[in-house]
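Asker: Right, I'll just put the structure down here and ask away after.
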Amino acid sequence: MIELKGVTKRFGDETAVDAISLTVKPGELCALVGTSGCGKSTTLRMINRLIEHDEGEIHIDGRPIREFDGRLLRRRIGYAIQSTGLFPHWTVARNIGLVPRLLKWPAARVRERVEELMGLLGLPVDQFADRYPAQLSGGQAQRVGVARALAADPDILLMDEPFGALDPITREGLQAELRDLQSRLRKTIVFVTHDMDEALALADRLVVMKAGHIVQQGTPLALLRAPADDFVASLLGGDDRGLKEAAITQVAERMLPLSPRLLPQARVHRDATLRQALAVMFREHADRLAVVDDEAMPIGELSLRRIVGAGRDGSGES
Amino acid sequence: MSGRQVNAWAAPLLWLSLLLLLALGGDWLEPLLRWSEPDARRVLYPQADLLTLLVRHVQVVAIASGLAVVIGVGAAILVTRPGGRDFLPLVAQFASMGQTFPPVAVLALAVPVLGFGTWPIIVALLLYGLLPIVRNTLAGLEGVDPAVQEAARGMGMGGAQRLWQVELPLAAPVILAGIRTSVTVNIATAALGATVGASNLGAPIIAGIVNNNTAYILQGALMIGLLALVVDSVFARLLPARQ
């Protein structure tokens, strides 16, 4: 659990972060979003004391972070950044094993952990362990960066635009993997990004920042449906907000379970998003879709009426 | 692999054997040198002396360069630490001054203080050799990717761990290149020491000038050149082209 209470950071005369308060619950993925220079990266870096806060208090698991030695604190908090910061003169395996070695784990345990993580991140040990960062693609390097952040099994993970430098396809692949990883590991993650689609896809909670303040925070759906002001609304995509909401709602949440009516030809998987369902309708010129499961067996029906949620309260939140 | 290694050492070995040939070589050199100086009484500089002078020359350069490395690298490391940043411009200036100050002038100034002999030239070489080392060490340390520095800090590495495990290894090629320049230049400059009584490979050159004997000058100059080539090619071997 991470708690920020009235935290302020000034650089000279400029106030980068102005008395913000924020609580990140255990197992929660909290995305900090906002335009450049809004203080989101500074906020992130204050949590592991790469930057010291000037005022207020930051607590981790109930203890003020100033009670910890900065280095020891950082060894128990995973940290992944956009440019990966992998050590170019170290192999992949050595890079991943950095924090466990700093924590003086026995060599055999470090090796075991490195291999476990490489498996988890889809990096075959025999292919990648002895490579150098320069021999990796952007996506592979970022996986190594995430593996390094997870190496000592920290409860907390800080990620500063980890996928920002990747091409869209690689980025979406890694986002899906992170979501999958998070559903298994349940880390407490603070994630900085300026990519709103990424934030909506990953976050349990969105925190919108502007000029060092928190403008609004809540679940992605709550923000999409009720943005606090024009800034939040435009950051969330303006009129595109509806489609963004559709993109984070699953077909299974809106479908009508198998009905006796004749099923339409066009079909969509139940794990697809409403946005994808809309795309299928548009392409197939259909206003009804059959919803199928993994074996392509029909399990329900989805109509345009149900997608737009006419007559529903939109109970898509979890 | 072993074939490549033999190749890599070929250049240093070639220059070293030529150098030793000159230092130990016997009378067969006489006709060659006679050609440059047909009328002189002697053309062969006393051989026993040449080997001693070579050893002395190497000693002087080794001491001066060793000190320059310790002081230069040490100073550059200190001024790139958080506590020493304020002194960075001062150190950079001082190193540049050392380079622009002519070694001859240093010699002239040092002799009254240190007396004739080896010490004045060691001081002159030390000052003269500092700049490339300081400048390259600064460039190497400052050139470490900020993202790598950030990650090293973010992973919880301490200052000394970052220096030894990250910064110095990454800066090493640039630092070594600076040391290489410094040492090779100093091998040539050390000859000046002979003017103030240091016995080194400058001695045959000075003797040649005084006695108007080109053969002596040639022997001294060739040996200094070959010594510089030996050292330079060893450095080339130590600095593998990365990637």
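All residue names refer to the structure tokens as shown: chains lettered A, B, ... in order, residues numbered from 1 in each chain, ligands numbered from 1 in order.
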Near Met157 (chain B), within 12 Å and counting only C-alpha atoms, which residues show up once chain neighbours fewer than 6 positions away are dropped, as a list in words?
Answerer: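 Using only C-alpha atoms, the neighbours found are Leu50, Asp69, Gly70, Arg71, Leu72, Leu73, Arg74, Arg75, Arg76, Leu98, Val99, Pro100, Arg101, Leu102 and Leu103 of chain A; Val148, Gln149, Glu150, Ala151, Leu163, Trp164, Gln165, Val166 and Glu167 of chain B.
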Asker: Now that the selection is made, can you save its residues with C-alpha atoms as a PDB file, in the first residue's frame?
Answerer:
ATOM      1  CA  LEU A  50      14.984   9.084  -6.529  1.00  0.00           C
ATOM      2  CA  ASP A  69      17.664   3.992   3.677  1.00  0.00           C
ATOM      3  CA  GLY A  70      17.132   5.182   0.099  1.00  0.00           C
ATOM      4  CA  ARG A  71      19.084   2.338  -1.463  1.00  0.00           C
ATOM      5  CA  LEU A  72      17.411  -0.351   0.620  1.00  0.00           C
ATOM      6  CA  LEU A  73      14.012   1.170  -0.182  1.00  0.00           C
ATOM      7  CA  ARG A  74      14.713   1.091  -3.917  1.00  0.00           C
ATOM      8  CA  ARG A  75      15.861  -2.532  -3.753  1.00  0.00           C
ATOM      9  CA  ARG A  76      12.420  -3.544  -2.553  1.00  0.00           C
ATOM     10  CA  LEU A  98      21.067  -7.178 -10.494  1.00  0.00           C
ATOM     11  CA  VAL A  99      18.786  -6.515  -7.524  1.00  0.00           C
ATOM     12  CA  PRO A 100      18.927 -10.086  -6.124  1.00  0.00           C
ATOM     13  CA  ARG A 101      22.723  -9.824  -6.210  1.00  0.00           C
ATOM     14  CA  LEU A 102      22.573  -6.438  -4.465  1.00  0.00           C
ATOM     15  CA  LEU A 103      20.443  -8.181  -1.841  1.00  0.00           C
TER      16      LEU A 103
ATOM     17  CA  VAL B 148      21.619   3.680 -17.387  1.00  0.00           C
ATOM     18  CA  GLN B 149      22.576   5.951 -14.483  1.00  0.00           C
ATOM     19  CA  GLU B 150      18.918   6.420 -13.596  1.00  0.00           C
ATOM     20  CA  ALA B 151      18.294   2.679 -13.693  1.00  0.00           C
ATOM     21  CA  LEU B 163      31.163   3.819 -10.091  1.00  0.00           C
ATOM     22  CA  TRP B 164      32.881   0.413 -10.169  1.00  0.00           C
ATOM     23  CA  GLN B 165      30.200  -1.704 -11.817  1.00  0.00           C
ATOM     24  CA  VAL B 166      28.626   0.743 -14.230  1.00  0.00           C
ATOM     25  CA  GLU B 167      30.410   4.036 -14.826  1.00  0.00           C
TER      26      GLU B 167
END
Asker: Skip region 121-123 of chain A itself and residues of its chain fewer than 4 positions away, then list as a PyMOL selection string all residues within 7 Å of it, counting only C-alpha atoms.
Answerer: chain A and resi 117+128+143+147
Asker: Keeping only N, CA, C and O atoms, write those residues as an mmCIF file, in the first residue's frame.
Answerer:
data_model
loop_
_atom_site.group_PDB
_atom_site.id
_atom_site.type_symbol
_atom_site.label_atom_id
_atom_site.label_comp_id
_atom_site.auth_asym_id
_atom_site.auth_seq_id
_atom_site.Cartn_x
_atom_site.Cartn_y
_atom_site.Cartn_z
ATOM 1 N N LEU A 117 12.104 -15.848 -14.264
ATOM 2 C CA LEU A 117 11.570 -14.607 -14.820
ATOM 3 C C LEU A 117 11.639 -14.587 -16.336
ATOM 4 O O LEU A 117 10.736 -14.093 -17.007
ATOM 5 N N PHE A 128 18.432 -16.190 -24.948
ATOM 6 C CA PHE A 128 18.604 -14.791 -24.560
ATOM 7 C C PHE A 128 19.558 -14.552 -23.398
ATOM 8 O O PHE A 128 20.082 -13.451 -23.257
ATOM 9 N N ARG A 143 11.056 -6.164 -22.159
ATOM 10 C CA ARG A 143 10.744 -7.340 -21.339
ATOM 11 C C ARG A 143 11.843 -7.575 -20.314
ATOM 12 O O ARG A 143 11.571 -7.895 -19.157
ATOM 13 N N ALA A 147 11.511 -7.667 -16.379
ATOM 14 C CA ALA A 147 12.020 -8.818 -15.616
ATOM 15 C C ALA A 147 12.979 -8.339 -14.532
ATOM 16 O O ALA A 147 12.939 -8.811 -13.397
#
Asker: Can you list every residue of chain B that has an atom at most 12 Å from chain A, with its nearest atom pair and the distance in Å to one decimal, using only C-alpha atoms, ordered by chain then number, as a Markdown table?
Answerer:
| residue | atom | partner | partner_atom | distance |
| --- | --- | --- | --- | --- |
| B:Val144 | CA | A:Phe87 | CA | 10.1 |
| B:Asp145 | CA | A:Gly85 | CA | 7.9 |
| B:Pro146 | CA | A:Gly85 | CA | 8.0 |
| B:Ala147 | CA | A:Gly85 | CA | 4.6 |
| B:Val148 | CA | A:Gly85 | CA | 4.1 |
| B:Gln149 | CA | A:Gly85 | CA | 7.4 |
| B:Glu150 | CA | A:Gly85 | CA | 7.1 |
| B:Ala151 | CA | A:Gly85 | CA | 5.2 |
| B:Ala152 | CA | A:Gly85 | CA | 7.8 |
| B:Arg153 | CA | A:Leu50 | CA | 7.4 |
| B:Gly154 | CA | A:Arg74 | CA | 6.0 |
| B:Met155 | CA | A:Arg75 | CA | 5.6 |
| B:Gly156 | CA | A:Arg71 | CA | 4.3 |
| B:Met157 | CA | A:Arg71 | CA | 6.4 |
| B:Gly158 | CA | A:Arg71 | CA | 6.6 |
| B:Gly159 | CA | A:Arg71 | CA | 9.8 |
| B:Gln161 | CA | A:Leu102 | CA | 9.4 |
| B:Arg162 | CA | A:Phe87 | CA | 10.9 |
| B:Gln165 | CA | A:Phe87 | CA | 9.5 |
| B:Val166 | CA | A:Phe87 | CA | 7.3 |
| B:Glu167 | CA | A:Phe87 | CA | 9.9 |
| B:Leu168 | CA | A:His89 | CA | 11.0 |
| B:Pro169 | CA | A:His89 | CA | 7.6 |
| B:Leu170 | CA | A:His89 | CA | 7.0 |
| B:Ala171 | CA | A:His89 | CA | 10.7 |
| B:Ala172 | CA | A:His89 | CA | 11.1 |
| B:Pro173 | CA | A:His89 | CA | 11.8 |
| B:Arg242 | CA | A:His89 | CA | 10.0 |
| B:Gln243 | CA | A:Ala134 | CA | 8.7 |
Asker: With only C-alpha atoms as the counted atoms, please give the residues lying no more than 9 Å from Val215 (chain A), apart from itself and same-chain residues fewer than 2 positions off, as a ChimeraX atom specification.
Answerer: /A:207-210,213,217,228-229,231-232
Asker: One decimal, in Å: what's the spacing between CA of Asn212 (chain B) and CA of Glu37 (chain B)?
Answerer: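 Separation between CA of Asn212 (chain B) and CA of Glu37 (chain B): 9.5 Å.
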Asker: Quick check, in Å to one decimal: how far apart do CA of Leu29 (chain A) and CA of Leu202 (chain A) lie?
Answerer: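 Distance reported for this atom pair: 7.3 Å.
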Asker: If we count only C-alpha atoms, what is near Ala290 (chain A) at a cut-off of 6 Å, once residues fewer than 6 positions away on the same chain are taken out, given as a ChimeraX atom specification?
Answerer: /A:263-264,267,301
Asker: Please provide as a ChimeraX atom specification all residues within 12 Å of region 271-286 of chain A, with the sequence filter that same-chain residues fewer than 4 positions apart are discarded (counting only C-alpha atoms).
Answerer: /A:201,240-255,263-267,290-294,299,301-309,316
Asker: Go ahead and save the picked residues with N, CA and C atoms, as a compact mmCIF listing (two decimals), in the first residue's frame.
Answerer:
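Here's the written file selection-v2.txt:
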# COMPACT_ATOMS: atom_id res chain seq x y z
N ALA A 201 -6.68 0.79 -20.76
CA ALA A 201 -6.65 -0.66 -20.91
C ALA A 201 -6.06 -1.34 -19.67
N ASP A 240 -14.64 11.04 -28.54
CA ASP A 240 -14.23 9.65 -28.69
C ASP A 240 -14.42 8.85 -27.40
N ARG A 241 -14.78 9.53 -26.33
CA ARG A 241 -14.91 8.87 -25.03
C ARG A 241 -15.82 7.65 -25.09
N GLY A 242 -16.89 7.79 -25.88
CA GLY A 242 -17.84 6.68 -25.98
C GLY A 242 -17.16 5.42 -26.50
N LEU A 243 -16.39 5.62 -27.57
CA LEU A 243 -15.69 4.46 -28.15
C LEU A 243 -14.65 3.92 -27.18
N LYS A 244 -14.02 4.83 -26.42
CA LYS A 244 -13.01 4.36 -25.46
C LYS A 244 -13.69 3.53 -24.37
N GLU A 245 -14.90 3.93 -24.00
CA GLU A 245 -15.64 3.14 -23.02
C GLU A 245 -15.97 1.77 -23.61
N ALA A 246 -16.38 1.79 -24.89
CA ALA A 246 -16.69 0.52 -25.55
C ALA A 246 -15.45 -0.37 -25.61
N ALA A 247 -14.28 0.29 -25.70
CA ALA A 247 -13.04 -0.48 -25.85
C ALA A 247 -12.62 -1.14 -24.55
N ILE A 248 -13.18 -0.72 -23.41
CA ILE A 248 -12.79 -1.37 -22.16
C ILE A 248 -13.95 -2.15 -21.55
N THR A 249 -14.99 -2.38 -22.33
CA THR A 249 -16.11 -3.19 -21.86
C THR A 249 -16.16 -4.46 -22.70
N GLN A 250 -16.34 -5.57 -22.02
CA GLN A 250 -16.34 -6.84 -22.76
C GLN A 250 -17.72 -7.20 -23.25
N VAL A 251 -17.72 -7.89 -24.38
CA VAL A 251 -18.96 -8.35 -25.00
C VAL A 251 -19.79 -9.14 -23.98
N ALA A 252 -19.09 -9.99 -23.20
CA ALA A 252 -19.81 -10.89 -22.28
C ALA A 252 -20.67 -10.11 -21.29
N GLU A 253 -20.26 -8.85 -21.01
CA GLU A 253 -21.01 -8.08 -20.02
C GLU A 253 -22.35 -7.59 -20.56
N ARG A 254 -22.47 -7.49 -21.87
CA ARG A 254 -23.67 -6.89 -22.45
C ARG A 254 -24.54 -7.88 -23.22
N MET A 255 -24.02 -9.10 -23.45
CA MET A 255 -24.77 -9.99 -24.34
C MET A 255 -26.01 -10.53 -23.64
N LEU A 263 -30.12 -17.23 -34.62
CA LEU A 263 -28.90 -16.48 -34.41
C LEU A 263 -28.39 -15.88 -35.71
N PRO A 264 -27.85 -14.67 -35.61
CA PRO A 264 -27.30 -14.04 -36.83
C PRO A 264 -26.02 -14.74 -37.29
N GLN A 265 -25.65 -14.48 -38.53
CA GLN A 265 -24.44 -15.08 -39.11
C GLN A 265 -23.16 -14.49 -38.50
N ALA A 266 -23.13 -13.17 -38.45
CA ALA A 266 -21.91 -12.51 -37.97
C ALA A 266 -21.68 -12.85 -36.50
N ARG A 267 -20.45 -13.13 -36.15
CA ARG A 267 -20.19 -13.55 -34.78
C ARG A 267 -19.00 -12.81 -34.17
N ALA A 290 -23.84 -12.93 -33.18
CA ALA A 290 -23.83 -14.11 -32.32
C ALA A 290 -22.56 -14.06 -31.50
N VAL A 291 -22.68 -14.32 -30.20
CA VAL A 291 -21.50 -14.34 -29.33
C VAL A 291 -21.06 -15.79 -29.17
N VAL A 292 -19.76 -16.04 -29.41
CA VAL A 292 -19.28 -17.42 -29.36
C VAL A 292 -18.22 -17.57 -28.28
N ASP A 293 -18.02 -18.81 -27.83
CA ASP A 293 -16.97 -19.07 -26.85
C ASP A 293 -15.72 -19.59 -27.54
N ASP A 294 -14.77 -20.10 -26.76
CA ASP A 294 -13.48 -20.52 -27.34
C ASP A 294 -13.63 -21.59 -28.39
N ILE A 299 -23.02 -18.76 -27.63
CA ILE A 299 -23.48 -18.76 -26.23
C ILE A 299 -24.41 -17.59 -25.96
N GLU A 301 -26.24 -13.58 -27.66
CA GLU A 301 -26.54 -12.69 -28.76
C GLU A 301 -26.31 -11.25 -28.30
N LEU A 302 -25.81 -10.45 -29.21
CA LEU A 302 -25.53 -9.05 -28.86
C LEU A 302 -26.14 -8.15 -29.93
N SER A 303 -26.99 -7.25 -29.50
CA SER A 303 -27.61 -6.34 -30.47
C SER A 303 -27.03 -4.95 -30.30
N LEU A 304 -27.21 -4.13 -31.31
CA LEU A 304 -26.74 -2.75 -31.26
C LEU A 304 -27.40 -2.03 -30.08
N ARG A 305 -28.67 -2.33 -29.87
CA ARG A 305 -29.41 -1.75 -28.76
C ARG A 305 -28.74 -2.05 -27.43
N ARG A 306 -28.30 -3.29 -27.29
CA ARG A 306 -27.67 -3.67 -26.02
C ARG A 306 -26.27 -3.05 -25.90
N ILE A 307 -25.58 -2.91 -27.04
CA ILE A 307 -24.25 -2.28 -26.98
C ILE A 307 -24.35 -0.85 -26.46
N VAL A 308 -25.26 -0.11 -27.02
CA VAL A 308 -25.34 1.29 -26.59
C VAL A 308 -25.99 1.39 -25.22
N GLY A 309 -26.47 0.26 -24.73
CA GLY A 309 -26.90 0.20 -23.32
C GLY A 309 -28.21 0.89 -23.06
N GLY A 316 -21.00 -1.93 -15.70
CA GLY A 316 -19.84 -2.65 -16.22
C GLY A 316 -18.67 -2.63 -15.25
Asker: Suppose you want the space between CA of Ile189 (chain A) and CA of Glu115 (chain A); what is it in Å?
Answerer: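 Taking CA of Ile189 (chain A) as the start and CA of Glu115 (chain A) as the end point, the length is 22.9 Å.
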Asker: As a ChimeraX atom specification, which residues of region 73-302 of chain A does DSSP assign to strand (DSSP E)?
Answerer: /A:77-81,156-160,188-192,205-210,213-218,256-257,267-269,288-292,298-302
Asker: Just the selected residues (C-alpha atoms), exported as a CSV table (one decimal), in the first residue's frame, please.
Answerer:
chain,number,residue,atom,x,y,z
A,77,ILE,CA,10.6,-1.5,-5.1
A,78,GLY,CA,10.6,-2.6,-8.8
A,79,TYR,CA,11.4,0.2,-11.3
A,80,ALA,CA,11.1,0.1,-15.0
A,81,ILE,CA,11.6,3.0,-17.3
A,156,ILE,CA,5.5,-2.5,-5.4
A,157,LEU,CA,6.4,-1.8,-9.0
A,158,LEU,CA,6.9,1.7,-10.5
A,159,MET,CA,6.7,2.0,-14.2
A,160,ASP,CA,7.6,5.2,-16.1
A,188,THR,CA,0.9,-2.8,-6.4
A,189,ILE,CA,1.8,-0.9,-9.5
A,190,VAL,CA,2.1,2.8,-10.2
A,191,PHE,CA,2.2,3.4,-13.9
A,192,VAL,CA,3.0,6.7,-15.6
A,205,ARG,CA,-7.6,3.5,-11.2
A,206,LEU,CA,-6.8,6.5,-13.3
A,207,VAL,CA,-5.3,9.6,-11.7
A,208,VAL,CA,-5.4,12.6,-14.0
A,209,MET,CA,-2.8,15.3,-13.2
A,210,LYS,CA,-2.4,18.8,-14.4
A,213,HIS,CA,-2.4,18.8,-9.0
A,214,ILE,CA,-4.7,15.8,-9.2
A,215,VAL,CA,-7.7,16.9,-11.2
A,216,GLN,CA,-9.7,13.7,-10.9
A,217,GLN,CA,-9.2,10.1,-9.9
A,218,GLY,CA,-11.4,7.0,-10.2
A,256,LEU,CA,-28.1,-11.6,-24.0
A,257,PRO,CA,-27.6,-15.3,-23.0
A,267,ARG,CA,-20.2,-13.5,-34.8
A,268,VAL,CA,-17.9,-12.1,-32.1
A,269,HIS,CA,-15.9,-13.8,-29.3
A,288,ARG,CA,-27.1,-8.3,-34.3
A,289,LEU,CA,-24.1,-10.6,-33.6
A,290,ALA,CA,-23.8,-14.1,-32.3
A,291,VAL,CA,-21.5,-14.3,-29.3
A,292,VAL,CA,-19.3,-17.4,-29.4
A,298,PRO,CA,-22.7,-19.8,-29.8
A,299,ILE,CA,-23.5,-18.8,-26.2
A,300,GLY,CA,-25.5,-15.6,-26.7
A,301,GLU,CA,-26.5,-12.7,-28.8
A,302,LEU,CA,-25.5,-9.1,-28.9
